[in-house]
Every structure is written in C-alpha cells, then in structure tokens.
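Trainee: Dropping in start_4.cif, with mmCIF, C-alpha atoms.
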```
data_start
#
loop_
_atom_site.label_atom_id
_atom_site.label_comp_id
_atom_site.auth_asym_id
_atom_site.auth_seq_id
_atom_site.Cartn_x
_atom_site.Cartn_y
_atom_site.Cartn_z
CA MET A 1 28.64 -15.66 40.63
CA ASN A 2 29.72 -16.63 37.12
CA GLU A 3 27.61 -16.80 33.94
CA GLN A 4 27.01 -20.53 34.20
CA GLU A 5 25.67 -20.20 37.77
CA LYS A 6 23.34 -17.41 36.68
CA ARG A 7 21.93 -19.56 33.89
CA CYS A 8 21.41 -22.43 36.31
CA ILE A 9 19.23 -20.13 38.40
CA PHE A 10 17.11 -18.73 35.58
CA TYR A 11 16.66 -21.72 33.36
CA THR A 12 15.16 -23.78 36.13
CA ALA A 13 11.57 -23.88 34.80
CA GLY A 14 9.81 -22.87 38.01
CA ILE A 15 12.01 -19.83 38.55
CA LEU A 16 11.86 -18.68 34.92
CA LYS A 17 8.07 -18.81 35.09
CA LYS A 18 8.16 -16.46 38.07
CA CYS A 19 10.04 -13.87 36.01
CA GLU A 20 7.09 -13.41 33.66
CA VAL A 21 5.01 -10.24 33.73
CA LYS A 22 1.50 -10.65 32.33
CA ILE A 23 -0.09 -7.43 31.13
CA PRO A 24 -3.89 -7.00 31.26
CA LYS A 25 -5.49 -6.68 27.80
CA CYS A 26 -2.20 -7.56 26.06
CA TYR A 27 -2.44 -11.35 26.06
CA PRO A 28 -0.91 -13.42 24.42
CA LEU A 29 2.19 -11.20 24.84
CA VAL A 30 4.08 -11.98 28.05
CA LEU A 31 7.36 -10.43 29.18
CA CYS A 32 10.12 -12.28 30.96
CA ILE A 33 12.55 -9.92 32.73
CA LEU A 34 15.89 -11.28 33.94
CA PRO A 35 18.29 -9.17 36.04
CA ASP A 36 22.05 -9.24 35.64
CA GLY A 37 25.14 -7.70 37.24
CA LYS A 38 28.90 -7.95 37.48
CA ASP A 39 30.00 -11.53 38.10
CA GLU A 40 32.15 -10.67 41.10
CA GLU A 41 29.47 -8.54 42.82
CA ILE A 42 25.99 -9.96 42.24
CA GLN A 43 24.72 -12.57 44.70
CA TYR A 44 22.13 -15.34 44.63
CA GLU A 45 19.97 -13.33 47.08
CA ASP A 46 19.85 -10.44 44.57
CA PHE A 47 18.29 -12.72 41.96
CA LYS A 48 15.90 -14.34 44.43
CA ASN A 49 14.61 -11.03 45.81
CA PHE A 50 14.12 -9.59 42.34
CA ILE A 51 12.25 -12.67 41.13
CA ASP A 52 9.94 -12.48 44.16
CA ILE A 53 9.19 -8.83 43.39
CA ILE A 54 8.24 -9.61 39.77
CA TYR A 55 6.08 -12.54 40.82
CA ASP A 56 4.20 -10.44 43.38
CA MET A 57 3.50 -7.56 40.97
CA SER A 58 2.29 -9.67 38.04
CA PRO A 59 -1.49 -10.35 37.83
CA LYS A 60 -2.36 -14.01 38.35
CA GLU A 61 -4.76 -16.24 36.42
CA LYS A 62 -7.64 -17.75 38.32
CA LYS A 63 -7.45 -21.51 38.60
CA GLY A 64 -9.57 -23.41 36.11
CA SER A 65 -10.52 -20.29 34.17
CA ARG A 66 -8.33 -20.69 31.10
CA THR A 67 -10.73 -21.45 28.27
CA GLY A 68 -8.62 -21.31 25.14
CA ILE A 69 -6.53 -19.15 22.89
CA GLY A 70 -7.32 -15.46 23.13
CA LYS A 71 -9.49 -16.01 26.23
CA ALA A 72 -6.86 -15.97 28.91
CA GLU A 73 -6.75 -12.19 28.99
CA ASP A 74 -10.16 -12.32 30.70
CA THR A 75 -8.65 -14.36 33.52
CA ILE A 76 -6.00 -11.76 34.37
CA LYS A 77 -6.86 -9.20 37.01
CA GLU A 78 -7.76 -5.91 35.37
CA LYS A 79 -5.33 -3.47 36.93
CA PRO A 80 -2.78 -1.15 35.32
CA VAL A 81 0.61 -2.86 35.12
CA ASN A 82 3.87 -1.26 34.12
CA PRO A 83 6.00 -4.28 33.25
CA PHE A 84 9.15 -2.35 34.09
CA GLU A 85 8.24 -1.13 37.56
CA CYS A 86 10.70 -3.76 38.73
CA VAL A 87 13.57 -1.73 37.23
CA GLU A 88 13.52 0.36 40.40
CA ALA A 89 13.29 -2.72 42.62
CA GLY A 90 15.97 -4.93 44.06
CA SER A 91 19.65 -4.56 44.80
CA ASP A 92 21.89 -1.82 43.39
CA ARG A 93 24.18 -4.63 42.27
CA ILE A 94 21.67 -5.31 39.45
CA VAL A 95 22.98 -3.15 36.60
CA SER A 96 21.21 -4.53 33.51
CA PHE A 97 18.35 -6.70 32.30
CA ASP A 98 17.63 -9.25 29.62
CA VAL A 99 14.05 -8.98 28.32
CA ILE A 100 12.37 -11.88 26.54
CA PHE A 101 9.03 -11.37 24.76
CA VAL A 102 7.02 -14.60 24.84
CA TRP A 103 3.99 -15.17 22.62
CA ARG A 104 1.64 -17.61 24.34
CA GLU A 105 -0.61 -19.30 21.82
CA LYS A 106 -0.95 -23.02 21.00
CA THR A 107 2.73 -23.40 21.80
CA ASP A 108 4.86 -20.88 23.65
CA SER A 109 7.45 -19.16 21.50
CA ASP A 110 10.22 -16.73 22.42
CA ILE A 111 9.71 -14.17 19.68
CA MET A 112 12.37 -11.69 20.70
CA GLU A 113 15.16 -11.20 23.21
CA ILE A 114 16.86 -7.93 24.13
CA SER A 115 20.10 -8.48 26.01
CA GLN A 116 22.00 -6.22 28.38
CA LEU A 117 19.55 -3.33 28.72
CA ASN A 118 21.47 -0.98 30.97
CA ARG A 119 19.51 -0.09 34.10
CA SER A 120 20.23 3.65 34.03
CA PHE A 121 19.47 3.91 30.29
CA LEU A 122 16.23 1.98 30.76
CA ARG A 123 15.25 4.40 33.54
CA LYS A 124 15.64 7.27 31.05
CA ILE A 125 13.47 5.51 28.45
CA LEU A 126 10.78 4.77 31.04
CA SER A 127 10.88 8.38 32.23
CA ASP A 128 10.33 9.58 28.64
CA ILE A 129 7.35 7.23 28.30
CA ASP A 130 5.88 8.49 31.57
CA ASP A 131 6.31 12.11 30.44
CA ALA A 132 4.45 11.26 27.23
CA ARG A 133 1.66 9.61 29.22
CA ARG A 134 1.28 12.60 31.55
CA SER A 135 1.31 15.15 28.74
CA THR A 136 -1.30 13.19 26.81
CA GLU A 137 -3.58 12.93 29.83
CA ALA A 138 -3.14 16.60 30.67
CA SER A 139 -4.12 17.75 27.19
CA GLU A 140 -7.02 15.36 26.62
CA HIS A 141 -8.25 14.68 30.17
CA TRP A 142 -8.44 10.94 29.56
CA ASN A 143 -6.75 8.19 31.54
CA LEU A 144 -4.37 5.67 30.05
CA THR A 145 -2.79 2.60 31.56
CA ASN A 146 0.51 1.99 29.78
CA LEU A 147 2.28 2.01 26.46
CA TRP A 148 1.81 -1.70 25.75
CA GLU A 149 -1.94 -1.54 26.18
CA ALA A 150 -2.06 1.53 23.92
CA PHE A 151 -0.42 -0.49 21.13
CA PHE A 152 -2.68 -3.47 21.67
CA GLN A 153 -5.86 -1.41 21.58
CA ILE A 154 -4.90 -0.11 18.14
CA PHE A 155 -3.55 -3.40 16.80
CA LYS A 156 -6.24 -5.76 18.00
CA ASP A 157 -8.39 -7.26 15.26
CA LYS A 158 -11.84 -7.61 16.80
CA SER A 159 -13.11 -9.96 14.14
CA GLU A 160 -10.61 -12.60 15.26
CA ASP A 161 -10.01 -11.48 18.86
CA GLN A 162 -6.30 -11.82 18.13
CA ILE A 163 -3.42 -9.51 17.27
CA ARG A 164 -3.54 -8.79 13.56
CA TYR A 165 -0.30 -6.86 13.24
CA LYS A 166 1.92 -9.11 15.35
CA GLY A 167 4.93 -8.64 13.08
CA HIS A 168 4.89 -4.85 13.38
CA LEU A 169 4.50 -5.00 17.15
CA ILE A 170 7.50 -7.32 17.40
CA LYS A 171 9.62 -4.82 15.44
CA VAL A 172 8.51 -1.79 17.45
CA LEU A 173 8.83 -2.90 21.09
CA PRO A 174 12.61 -3.43 21.12
CA LYS A 175 13.14 -0.11 19.33
CA ILE A 176 11.34 1.67 22.15
CA LEU A 177 13.39 -0.03 24.85
CA LYS A 178 16.63 0.74 23.01
CA GLY A 179 15.68 4.39 22.43
CA GLY A 180 15.47 3.96 18.66
CA TYR A 181 11.72 4.31 17.99
CA TYR A 182 11.49 7.04 15.39
CA GLN A 183 8.70 7.80 12.93
CA ASP A 184 6.27 4.95 12.40
CA PRO A 185 4.26 5.45 9.17
CA THR A 186 2.72 1.99 9.49
CA LEU A 187 1.00 2.92 12.74
CA ILE A 188 -1.27 5.63 11.31
CA LYS A 189 -2.37 3.27 8.51
CA ILE A 190 -3.28 0.64 11.11
CA LEU A 191 -5.11 3.30 13.14
CA THR A 192 -7.15 4.45 10.11
CA ASN A 193 -8.26 0.88 9.37
CA LYS A 194 -9.27 0.35 12.99
CA LEU A 195 -11.19 3.64 13.26
CA LEU A 196 -13.21 3.00 10.10
CA TYR A 197 -13.85 -0.59 11.17
CA GLU A 198 -15.37 0.74 14.39
CA ILE A 199 -17.62 3.12 12.45
CA ARG A 200 -18.87 0.55 9.96
CA ASN A 201 -19.63 -2.09 12.59
CA ASN A 202 -20.98 -0.15 15.57
CA SER A 203 -23.57 2.44 16.44
CA ARG A 204 -22.54 6.08 16.37
CA GLN A 205 -22.52 6.44 20.16
CA SER A 206 -20.52 3.24 20.67
CA SER A 207 -17.96 4.03 17.97
CA ILE A 208 -17.48 7.64 19.21
CA SER A 209 -16.31 6.19 22.52
CA SER A 210 -13.94 3.78 20.76
CA ILE A 211 -12.65 6.53 18.49
CA LYS A 212 -11.87 8.73 21.48
CA ASN A 213 -9.82 5.98 23.13
CA LEU A 214 -8.02 5.01 19.92
CA LEU A 215 -7.05 8.60 19.14
CA VAL A 216 -5.64 9.23 22.60
CA ASN A 217 -3.75 5.92 22.49
CA TYR A 218 -2.23 6.97 19.17
CA LYS A 219 -1.32 10.39 20.57
CA PHE A 220 0.39 8.71 23.51
CA ILE A 221 2.43 6.41 21.25
CA GLU A 222 3.28 9.29 18.92
CA ALA A 223 4.59 11.29 21.90
CA VAL A 224 7.05 8.47 22.60
CA GLN A 225 8.45 8.56 19.06
CA LYS A 226 11.74 10.37 18.54
CA GLY A 227 11.01 11.67 15.05
CA GLY A 228 7.90 13.75 15.71
CA THR A 229 4.45 13.47 14.18
CA MET A 230 3.65 11.39 11.10
CA ILE A 231 0.61 13.58 10.41
CA HIS A 232 0.60 15.63 7.20
CA GLN A 233 -0.69 18.94 8.50
CA LYS A 234 -2.56 20.19 5.41
CA SER A 235 -4.28 16.84 4.89
CA TRP A 236 -5.19 16.84 8.58
CA GLU A 237 -6.75 20.32 8.24
CA LEU A 238 -8.76 19.21 5.20
CA GLY A 239 -10.15 16.40 7.35
CA GLU A 240 -11.07 18.89 10.06
CA LEU A 241 -12.89 21.06 7.53
CA LEU A 242 -14.79 18.05 6.21
CA ALA A 243 -15.91 17.20 9.75
CA GLU A 244 -17.65 20.58 10.01
CA PHE A 245 -19.93 19.48 7.16
CA SER A 246 -20.52 15.96 8.39
CA PHE A 247 -21.39 16.58 12.03
CA PRO A 248 -24.92 18.03 11.47
CA LEU A 249 -25.66 15.40 8.82
CA THR A 250 -25.13 12.50 11.25
CA LYS A 251 -28.18 13.79 13.12
CA HIS A 252 -30.41 14.17 10.08
CA ILE A 253 -29.48 11.08 8.03
CA SER A 254 -29.51 7.80 9.98
CA SER A 255 -27.29 5.92 7.51
CA PHE A 256 -24.76 8.72 7.13
CA TRP A 257 -22.42 7.55 9.90
CA LYS A 258 -21.83 4.06 8.55
CA GLN A 259 -22.31 4.58 4.83
CA GLU A 260 -20.54 7.90 4.27
CA ILE A 261 -18.03 8.23 7.09
CA GLY A 262 -17.30 4.51 7.37
CA HIS A 263 -16.01 4.44 3.77
CA LEU A 264 -13.96 7.65 3.73
CA HIS A 265 -10.80 5.70 2.89
CA ILE A 266 -12.41 5.13 -0.52
CA SER A 267 -14.40 8.34 -1.08
CA ALA A 268 -11.55 10.61 0.13
CA ALA A 269 -8.66 8.59 -1.32
CA ARG A 270 -7.52 11.43 -3.59
CA PRO A 271 -7.82 15.24 -3.28
CA GLU A 272 -10.30 15.56 -6.16
CA LYS A 273 -12.52 12.87 -4.63
CA LEU A 274 -12.41 14.58 -1.25
CA TRP A 275 -13.42 17.86 -2.90
CA ARG A 276 -16.47 16.18 -4.45
CA VAL A 277 -17.43 14.72 -1.07
CA MET A 278 -17.23 18.14 0.57
CA ARG A 279 -19.39 19.80 -2.09
CA ASN A 280 -21.95 16.98 -2.00
CA TRP A 281 -22.20 17.23 1.80
CA ASP A 282 -22.67 20.99 1.50
CA ILE A 283 -25.66 20.36 -0.79
CA LEU A 284 -27.06 17.82 1.67
CA LEU A 285 -26.77 20.38 4.45
CA ILE A 286 -28.81 22.90 2.47
CA ARG A 287 -31.56 20.28 2.21
CA HIS A 288 -31.44 18.84 5.71
CA ASP A 289 -30.03 21.49 8.03
CA GLY A 290 -32.40 24.30 7.27
CA ASP A 291 -33.36 26.69 10.04
CA HIS A 292 -36.61 28.58 10.67
CA ASP A 293 -34.55 31.50 11.84
CA ARG A 294 -33.49 33.13 8.56
CA ASN A 295 -30.73 35.10 10.23
CA LEU A 296 -29.20 31.91 11.71
CA ALA A 297 -29.64 30.02 8.43
CA GLY A 298 -27.82 32.81 6.61
CA LYS A 299 -24.95 32.68 9.09
CA LYS A 300 -24.61 28.93 8.54
CA VAL A 301 -24.33 29.41 4.76
CA ILE A 302 -21.73 32.15 5.18
CA TYR A 303 -19.73 29.97 7.61
CA ARG A 304 -19.75 26.98 5.22
CA SER A 305 -18.73 29.21 2.33
CA ALA A 306 -15.71 30.33 4.35
CA LEU A 307 -14.85 26.67 5.05
CA ILE A 308 -15.04 25.83 1.34
CA GLU A 309 -12.79 28.74 0.44
CA ARG A 310 -10.20 27.61 2.96
CA ALA A 311 -10.50 24.05 1.63
CA ARG A 312 -10.08 25.30 -1.95
CA THR A 313 -6.79 26.94 -0.97
CA LEU A 314 -5.55 23.79 0.78
CA PHE A 315 -6.54 21.59 -2.18
CA LYS A 316 -4.46 23.73 -4.53
CA GLU A 317 -1.49 23.51 -2.17
CA VAL A 318 -1.55 19.75 -1.66
CA GLU A 319 -2.07 19.14 -5.38
CA ALA A 320 0.87 21.39 -6.25
CA GLU A 321 3.04 19.67 -3.63
CA LYS A 322 1.63 16.20 -4.43
CA SER A 323 1.53 15.73 -0.66
CA TYR A 324 -2.04 14.62 0.11
CA ASN A 325 -2.25 11.82 2.70
CA VAL A 326 -5.64 10.16 3.16
CA ASP A 327 -4.76 8.65 6.55
CA SER A 328 -3.83 12.07 7.94
CA CYS A 329 -7.07 13.45 6.49
CA ILE A 330 -9.20 10.78 8.16
CA HIS A 331 -7.30 11.18 11.42
CA GLY A 332 -7.95 14.94 11.36
CA PHE A 333 -11.57 14.35 10.42
CA LEU A 334 -12.28 11.98 13.31
CA SER A 335 -10.32 14.06 15.82
CA LYS A 336 -12.52 17.01 14.91
CA VAL A 337 -15.70 14.90 15.08
CA ASN A 338 -14.62 13.77 18.52
CA ARG A 339 -14.13 17.38 19.69
CA LEU A 340 -17.43 18.51 18.15
CA ASP A 341 -19.23 15.64 19.86
CA TYR A 342 -17.73 16.65 23.22
CA ILE A 343 -18.71 20.32 22.73
CA ASN A 344 -22.22 19.28 21.68
CA SER A 345 -22.63 17.06 24.75
CA GLN A 346 -21.57 19.90 27.04
CA THR A 347 -23.78 22.59 25.48
CA ASN A 348 -26.87 20.57 24.55
CA GLY A 349 -26.72 17.56 26.83
CA GLY A 350 -25.80 15.38 23.83
CA ASN A 351 -28.99 16.21 21.94
#
```
Please lay out the structure from this file as structure tokens.
Mentor:
Amino acid sequence: MNEQEKRCIFYTAGILKKCEVKIPKCYPLVLCILPDGKDEEIQYEDFKNFIDIIYDMSPKEKKGSRTGIGKAEDTIKEKPVNPFECVEAGSDRIVSFDVIFVWREKTDSDIMEISQLNRSFLRKILSDIDDARRSTEASEHWNLTNLWEAFFQIFKDKSEDQIRYKGHLIKVLPKILKGGYYQDPTLIKILTNKLLYEIRNNSRQSSISSIKNLLVNYKFIEAVQKGGTMIHQKSWELGELLAEFSFPLTKHISSFWKQEIGHLHISAARPEKLWRVMRNWDILLIRHDGDHDRNLAGKKVIYRSALIERARTLFKEVEAEKSYNVDSCIHGFLSKVNRLDYINSQTNGGN
C-alpha cells in the first residue's frame, strides 16, 4: 500500500474522526492517532482494525448534550483514558504513528503534528511515564489518571473554565513524546499561581483538597522530566519552616488562610520579606497559641526558637548565593502544610 493509498484511507472524514481519542477532563484537546508501516507490508485490514480499536476505547459524547465551548468535557464519560493504549494494539506491521493534536473550540484547529513516532521508542516513553505514575502513587498514596490530565489540572484557569496556558502545553506535549522533556521552569510558576488562587478563593478545607491534588500532579509531571527537579532545595526548606509557624495560626485566626497565606507570593517575594513574615508569625503564635500547661508552652517556644535559628542559617546562605526562589519556597510551604494537615487529621480527627 503506497503513501497515496494510505492518505485516501485517513483523510476520508468519517474515518479520520474515528481516529480521535477524547480524554476526560482535558477538553478541548483531542488527539488523532494514525498508524503507519512499510509500504510493501502494511495492509488495509491493519488500518481498519486499528481504527476500530481507537474508536472503541475513546469515550463518547451523549447525543444532544453538547452545550457550548468548554462544556463538552462534561459530556464525556469519566473514566481514566491513556490515549496511547492503542500503541500495543493492532498488527505488528504497524511500526510508527503520526499524532495530531486538535484543539476543538469555535473552529477545529490542528495545533501540532508529530510524524513518524517509532512504535518501540514510544513504548519506552510510555513505560517511563507509567513508572513515574507508579512511583508517585506509592510515595503519596493518591491515585492519578494520566499525564495529560495532570497537566490540565494545573493549567486550567477556573475563572474562565478554559486552558490559560495553552501555548506552554502545546510546546511540552511533543517534547514528552519525543523523549526531550527536560527541566520546565515555567511549570512551577504556573503551579504557584494556581495554588494561591485556590487559597484566596476557597475555604481552607476545600483548598487543602485541591492543593493535595495539584502537588501530586506536579510531582508526577516532574518525575517524567529528564533533567530532575526544578525545586531550589534551600528555598523549599525555608517554606517548610514557615509552615510550622502558620499551621497553628490557621486555627486561631479565621482570616489567616486567605489573607496571609493566599498572598505569600507578595509577602515572601524576597528573603528579607520572608524573614519578617516568619518573625511576625512567631509573635502571633505567642499571643494566640498559648497553653495552660506551662511545660508544654515552654517546649513550643524552644521548638520555634530552633526553627528560627535554622531559618537564620538558610537565609544567610541563600543571600550569599543570591539563589532564593519564591516559587520553590511556596511549594515547600504548601507541601508541608499538606503533610501537617494529614498528620493532624490522623491524630486528632481533624480537630
């Protein structure tokens, strides 16, 4: 079967439509996966069988339920979908794939095409992604669906119910499939904005749940990257230390969660500002987190003093290195808050 005959098969509208894989919670992004093989070996039946497999695995929209842009994701069956499960399906004569990313909004647009993805290489990439997913779940005990949904949960702009960082997503997806997704400094900045948005606009209990999911999604994506973590370790640790001060205050001061934590990107933007925040929160704790048990109260003061001394050392180091990173600090802060909340719920029933 020559190239022209292959194109005749795929560019028949009805057949091309069947090659689409819709991913729950990732609308309006749709993938179109086209198999290919050596001209002298691949047969029409190979294409037909593969197309049928894709069509059967892709969630379907309910008739009459499409209500407008950004709403169609609600019409897709909510089940985990790996858009590349079909790589293992079909004839051995299929040796590569062309992948087209389609953005379905007012008008459909093919935003990106990746040609001649070798089947064996793609298997290796998918295996690496699956290893990252399993390791993330094992360490955090949370379930994930797939890599695409992890990206979309971080990128989605709730205020518009659309994808805010479409351009970055378009750059990243082909890099992953080609094995060239290295460090992604933009991603942590996007994550920080999303986390603080959740805090400013939701109750503490609701945003803690969202924070947990966002952090594990980020950890999953980071595990797929080839260049290691984008977290600055000392800034991360400063954030963890700050969380030790904030956690009791969220119980005593009702506005603390939204007003103080929700604006950390401003109040902790530079090391000296973060130091002032930590000292101010220490003073607030003396006022609000007193204890009738003098022995316990004394232990709390000693513990916080040790935290401040460790922070003082870290501040000197990051200032000398000029290496402070506010996004890493906030990420460390919220990761620690998330762990403290879990420990608190287990020991005190969440009270």
Trainee: Find, counting only C-alpha atoms, the residue in A:His265, A:Lys18, A:Lys219, A:Lys25 that gets nearest to A:Asp52.
Mentor: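 Distance minimum relative to A:Asp52 lands on A:Lys18.
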Trainee: Pull out every residue that the PyMOL selection byres ((chain A and resi 335-348) around 12) matches in the shown coordinates and put them as a PyMOL selection string.
Mentor: chain A and resi 140-141+192+195+204-205+207-216+218-219+236-251+257+261+328-334+349-351
Trainee: Residues as selected, C-alpha atoms, written as a short mmCIF file (atom, residue, chain, number, x, y, z; two decimals), keeping the file's coordinate frame, can you do that?
Mentor:
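File again_10.cif, as written:
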```cif
data_model
loop_
_atom_site.label_atom_id
_atom_site.label_comp_id
_atom_site.auth_asym_id
_atom_site.auth_seq_id
_atom_site.Cartn_x
_atom_site.Cartn_y
_atom_site.Cartn_z
CA GLU A 140 -7.02 15.36 26.62
CA HIS A 141 -8.25 14.68 30.17
CA THR A 192 -7.15 4.45 10.11
CA LEU A 195 -11.19 3.64 13.26
CA ARG A 204 -22.54 6.08 16.37
CA GLN A 205 -22.52 6.44 20.16
CA SER A 207 -17.96 4.03 17.97
CA ILE A 208 -17.48 7.64 19.21
CA SER A 209 -16.31 6.19 22.52
CA SER A 210 -13.94 3.78 20.76
CA ILE A 211 -12.65 6.53 18.49
CA LYS A 212 -11.87 8.73 21.48
CA ASN A 213 -9.82 5.98 23.13
CA LEU A 214 -8.02 5.01 19.92
CA LEU A 215 -7.05 8.60 19.14
CA VAL A 216 -5.64 9.23 22.60
CA TYR A 218 -2.23 6.97 19.17
CA LYS A 219 -1.32 10.39 20.57
CA TRP A 236 -5.19 16.84 8.58
CA GLU A 237 -6.75 20.32 8.24
CA LEU A 238 -8.76 19.21 5.20
CA GLY A 239 -10.15 16.40 7.35
CA GLU A 240 -11.07 18.89 10.06
CA LEU A 241 -12.89 21.06 7.53
CA LEU A 242 -14.79 18.05 6.21
CA ALA A 243 -15.91 17.20 9.75
CA GLU A 244 -17.65 20.58 10.01
CA PHE A 245 -19.93 19.48 7.16
CA SER A 246 -20.52 15.96 8.39
CA PHE A 247 -21.39 16.58 12.03
CA PRO A 248 -24.92 18.03 11.47
CA LEU A 249 -25.66 15.40 8.82
CA THR A 250 -25.13 12.50 11.25
CA LYS A 251 -28.18 13.79 13.12
CA TRP A 257 -22.42 7.55 9.90
CA ILE A 261 -18.03 8.23 7.09
CA SER A 328 -3.83 12.07 7.94
CA CYS A 329 -7.07 13.45 6.49
CA ILE A 330 -9.20 10.78 8.16
CA HIS A 331 -7.30 11.18 11.42
CA GLY A 332 -7.95 14.94 11.36
CA PHE A 333 -11.57 14.35 10.42
CA LEU A 334 -12.28 11.98 13.31
CA GLY A 349 -26.72 17.56 26.83
CA GLY A 350 -25.80 15.38 23.83
CA ASN A 351 -28.99 16.21 21.94
#
```
Trainee: Please provide the set of residues having any atom within 10 Å of A:Ala223, restricted to only C-alpha atoms, with same-chain residues fewer than 5 positions apart removed, written as a PyMOL selection string.
Mentor: chain A and resi 128-129+131-133+135-136+217-218+228-229
Trainee: For the selection you just gave me, I'd like the residues written to a file as a short mmCIF file (atom, residue, chain, number, x, y, z; two decimals), keeping the file's coordinate frame, keeping C-alpha atoms.
Mentor:
```
data_model
loop_
_atom_site.label_atom_id
_atom_site.label_comp_id
_atom_site.auth_asym_id
_atom_site.auth_seq_id
_atom_site.Cartn_x
_atom_site.Cartn_y
_atom_site.Cartn_z
CA ASP A 128 10.33 9.58 28.64
CA ILE A 129 7.35 7.23 28.30
CA ASP A 131 6.31 12.11 30.44
CA ALA A 132 4.45 11.26 27.23
CA ARG A 133 1.66 9.61 29.22
CA SER A 135 1.31 15.15 28.74
CA THR A 136 -1.30 13.19 26.81
CA ASN A 217 -3.75 5.92 22.49
CA TYR A 218 -2.23 6.97 19.17
CA GLY A 228 7.90 13.75 15.71
CA THR A 229 4.45 13.47 14.18
#
```
Trainee: Rounded to one decimal in Å, what is the spacing between atom CA of A:Phe97 and atom CA of A:Thr186?
Mentor: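 Computing it gives 29.0 Å between the two atoms.
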Trainee: Using all atoms listed in the file, can you tell me which of A:Arg119, A:Phe220, A:Glu85, A:Asn201 comes closest to A:Ala150?
Mentor: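 For A:Ala150, the nearest of the candidates is A:Phe220.
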Trainee: Between atom CA of A:Asp46 and atom CA of A:Ser96, what is the spacing in Å?
Mentor: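 Interatomic distance here is 12.6 Å.
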Trainee: Between A:Gln153, A:Lys38, A:Asp56, A:Ile199, which has the minimum distance to A:Gln259 (counting all atoms listed in the file)?
Mentor: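 Checking each candidate against A:Gln259, we get A:Ile199 as the closest.
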Trainee: Give me, please, the distance in Å between atom CA of A:Phe151 and atom CA of A:Ile51, quoted to one decimal.
Mentor: 26.6 Å
Trainee: Compile the contact shell of A:Glu317 as a ChimeraX atom specification: residues with an atom at most 12 Å away, counting only C-alpha atoms, same-chain residues fewer than 3 positions apart removed.
Mentor: /A:233-235,238,271,310-314,320-324
Trainee: If you apply the PyMOL selection byres ((chain A and resi 123) around 12) to this file, what residues do you get, as an MDAnalysis selection string?
Mentor: chainID A and resid 84:89 95:97 117:122 124:130 177:179
Trainee: Could you pull stretch 119-130 of chain A out of the structure just shown and give N, CA and C atoms as a PDB file, in the first residue's frame?
Mentor:
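Okay, this is what ended up in out31.pdb:
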```pdb
ATOM      1  N   ARG A 119       7.292   3.023  16.965  1.00  0.00           N
ATOM      2  CA  ARG A 119       6.482   2.266  17.923  1.00  0.00           C
ATOM      3  C   ARG A 119       7.301   1.788  19.123  1.00  0.00           C
ATOM      4  N   SER A 120       8.485   1.256  18.896  1.00  0.00           N
ATOM      5  CA  SER A 120       9.299   0.746  20.002  1.00  0.00           C
ATOM      6  C   SER A 120       9.789   1.887  20.899  1.00  0.00           C
ATOM      7  N   PHE A 121      10.152   3.033  20.279  1.00  0.00           N
ATOM      8  CA  PHE A 121      10.590   4.183  21.077  1.00  0.00           C
ATOM      9  C   PHE A 121       9.432   4.719  21.912  1.00  0.00           C
ATOM     10  N   LEU A 122       8.251   4.778  21.304  1.00  0.00           N
ATOM     11  CA  LEU A 122       7.080   5.275  22.014  1.00  0.00           C
ATOM     12  C   LEU A 122       6.729   4.364  23.189  1.00  0.00           C
ATOM     13  N   ARG A 123       6.925   3.062  23.005  1.00  0.00           N
ATOM     14  CA  ARG A 123       6.715   2.129  24.128  1.00  0.00           C
ATOM     15  C   ARG A 123       7.622   2.480  25.303  1.00  0.00           C
ATOM     16  N   LYS A 124       8.873   2.821  25.005  1.00  0.00           N
ATOM     17  CA  LYS A 124       9.827   3.184  26.069  1.00  0.00           C
ATOM     18  C   LYS A 124       9.372   4.455  26.779  1.00  0.00           C
ATOM     19  N   ILE A 125       8.935   5.467  26.039  1.00  0.00           N
ATOM     20  CA  ILE A 125       8.463   6.706  26.648  1.00  0.00           C
ATOM     21  C   ILE A 125       7.256   6.434  27.544  1.00  0.00           C
ATOM     22  N   LEU A 126       6.318   5.629  27.044  1.00  0.00           N
ATOM     23  CA  LEU A 126       5.113   5.325  27.818  1.00  0.00           C
ATOM     24  C   LEU A 126       5.450   4.515  29.059  1.00  0.00           C
ATOM     25  N   SER A 127       6.442   3.652  28.970  1.00  0.00           N
ATOM     26  CA  SER A 127       6.885   2.887  30.132  1.00  0.00           C
ATOM     27  C   SER A 127       7.479   3.813  31.193  1.00  0.00           C
ATOM     28  N   ASP A 128       8.260   4.807  30.760  1.00  0.00           N
ATOM     29  CA  ASP A 128       8.835   5.782  31.699  1.00  0.00           C
ATOM     30  C   ASP A 128       7.728   6.572  32.404  1.00  0.00           C
ATOM     31  N   ILE A 129       6.708   6.959  31.644  1.00  0.00           N
ATOM     32  CA  ILE A 129       5.579   7.698  32.230  1.00  0.00           C
ATOM     33  C   ILE A 129       4.858   6.832  33.257  1.00  0.00           C
ATOM     34  N   ASP A 130       4.666   5.561  32.926  1.00  0.00           N
ATOM     35  CA  ASP A 130       3.969   4.663  33.844  1.00  0.00           C
ATOM     36  C   ASP A 130       4.787   4.434  35.113  1.00  0.00           C
TER      37      ASP A 130
END
```
